[in-house]
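Below you'll find the structure, written out as structure tokens, and then a few comments.
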Amino acid sequence: MIYLDNSATTKPKKEVLDTFIKVNEQFYANPSSLHALGNQAEDLLETARSQLKELLNMEKIIFTSGGTEANNLALIGTARSYQSRGKHIVSAETEHPSVLNSLAALEQEGFEITLLPVDHTGQIDIEELKKSLRSDTILVSLMHVNNEIGTIHPIAAIARLLKERRIFFHVDAVQSIGKLALDSAAMPDLLSISGHKIHGLKGSGLLAYSGVELQSIQYGGGQEGGIRSGTVSVPNAVALAKALRLAKVSPLHLKWNQNLRQFFSEFTGVKVISPEQGAPHILAVAVKGIKGEILVSGLQKESVIVSTSSACSSKSRDTSHVIQAIGLPREFKDGVMRISFGAFTTEQDIMDLQKAFQRVYRIIKGA
């Protein structure tokens, strides 16, 4: 089976699994306990936290269950903490549901939300962002890389702009961390990442932040500095640090992306919708007049795994909000297919994908 749905989730690396198992076997005590075993677990937890702070160039780390929880904490925790300064937040129409739904919840609390439109490549207009900022704007939240089509937002430039305005900046880096570099001289104030997108484990993630005082959005025993109550999973935290240390940018992703763009350009009625300057590891294409589910099913029969859009929306019968926002022509909207590479993707996988698509395309078109 050829797996090309790495933006949905990735296969954990053996080194990460080995670390997770070892910590479970040897450091299983509760890190909040006062006895020696608890102290050992806490020491290991704090070592992982320190490693992640250094890797991400951030002051604080809160371990979470994944990107969704990290996004919720970043938005709601920051908004409630600084609402005395203002209640206006800016984001974009193409954000992940965990951001959009958190913002909708904040709107019910009296916050005012501005969602910026995007162009056909999924990119916001920086001038429109500037115009949207007000004296009561306290937070801007944008993803680094769009999970459906791979659009890259200019995070460093936006970080510098917002720093001048004293507005907090949250970045959902779930799809970019370990794949694209962040400018250490122009970091956002809050950064969300998820372990299972970098060949780590499901159920692990974090919110990294600097210069922000968060308000807790869940209550309990006061773990994680009172920000995120609940017993911290030391094995998950250590495995996440391991996964991030192992993550490497692959130059092959750009090569394969370009090769596939050329390949798909030779088919009538097939349109590449990922922007030319998008993330190399994501390529979204659309086939005119065909349901994406048919493409996915056809390729699966050829032992090739891809997705229709994002795993968070692919089982919905509605057109993805990202596809709607970029204004994809009606005849292409339903036929979107996303290909995404990971650390285990090979040159042979790309060649096999091309052969499989040729066969499926011929069958679908009756050629």
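Every chain in the structure tokens has a letter given in the order shown (A, B, ...), and although residue numbers restart at 1 in each chain, ligands are simply numbered from 1 in the order shown.
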Near Lys163 in chain A, within 12 Å and counting only C-alpha atoms, which residues show up once chain neighbours fewer than 5 positions away are dropped, as a ChimeraX atom specification?
/A:138-140,155-158,168-170,185-189,211
For range 244-255 of chain A: contacts at 6 Å, only C-alpha atoms, fewer than 4 positions along chain excluded, given as a PyMOL selection string
chain A and resi 178-179+280-281
Let me see the file: selected residues, N, CA and C atoms, as a compact mmCIF listing (two decimals), in the first residue's frame.
# COMPACT_ATOMS: atom_id res chain seq x y z
N GLY A 178 8.60 21.11 11.17
CA GLY A 178 9.42 20.00 10.70
C GLY A 178 9.52 19.92 9.19
N LYS A 179 8.80 20.77 8.49
CA LYS A 179 8.80 20.76 7.03
C LYS A 179 9.24 22.09 6.43
N PRO A 280 5.84 22.34 -0.28
CA PRO A 280 6.21 21.27 -1.20
C PRO A 280 5.56 19.92 -0.90
N HIS A 281 5.21 19.68 0.35
CA HIS A 281 4.71 18.35 0.71
C HIS A 281 3.22 18.16 0.46
Please identify the strand (DSSP E or B) residues within range 132-251 of chain A (assignment by DSSP from backbone atoms) and present them as an MDAnalysis selection string.
chainID A and resid 137:143 145 152 168:172 190:194 205:209
Give me, please, the distance in Å between CA of Leu73 in chain A and CA of Ile326 in chain A, quoted to one decimal.
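About the pair CA of Leu73 in chain A and CA of Ile326 in chain A: they are 28.0 Å apart.
A straight line drawn from CA of Arg49 in chain A to CA of Asn236 in chain A is 11.5 Å long.
Taking CA of Leu299 in chain A as the reference point, CA of Ile339 in chain A is found at 11.4 Å.
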Kindly indicate which residue among A:Ser194, A:Asn24, A:Thr9, A:Ser233 lies nearest to Ile305 in chain A, using only C-alpha atoms for the distances.
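Checking each candidate against Ile305 in chain A, we get A:Thr9 as the closest.
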Considering only C-alpha atoms, state which residue in the set A:Asn101, A:Arg338, A:Gln358, A:Asn71 is at the smallest distance from Phe267 in chain A.
A:Gln358
Closest contacts (range 212-304 of chain A/range 103-122 of chain A, max 9 Å, only C-alpha atoms) as CSV:
residue,atom,partner,partner_atom,distance
A:Ile273,CA,A:Thr121,CA,7.4
A:Ser274,CA,A:Thr121,CA,6.9
A:Pro275,CA,A:Thr121,CA,5.3
A:Glu276,CA,A:Thr121,CA,8.7
A:Gly278,CA,A:Thr121,CA,8.7
Please identify all polymer residues within 8 Å of Gln215 in chain A, counting only C-alpha atoms, omitting same-chain residues fewer than 3 positions from it, and present them as a VMD selection string.
chain A and resid 76 to 78 80 to 81 227
Write out as a ChimeraX atom specification all residues of range 123-247 of chain A that DSSP puts in alpha helix (DSSP H) for this structure's backbone.
/A:126-132,155-165,234-246
So which residues touch Ile364 in chain A within 9 Å, counting only C-alpha atoms, skipping near sequence neighbours fewer than 3 positions away, as a ChimeraX atom specification?
/A:290,294-295,298,359-361,367
Could you check the closest approach to Ser176 in chain A for each of A:Leu260, A:Ala279, A:Ile217, A:Ile124 and tell me which residue wins, using only C-alpha atoms?
A:Ala279
Given the choices A:Gln258, A:Gln300, A:Thr268, A:Gln175, which gets closest to Lys288 in chain A if the distance is worked out from only C-alpha atoms?
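Closest to Lys288 in chain A, using only C-alpha atoms: A:Thr268.
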Nearest residue to Val90 in chain A out of A:His199, A:Lys60, A:Arg134, A:Lys365, using only C-alpha atoms?
A:Arg134
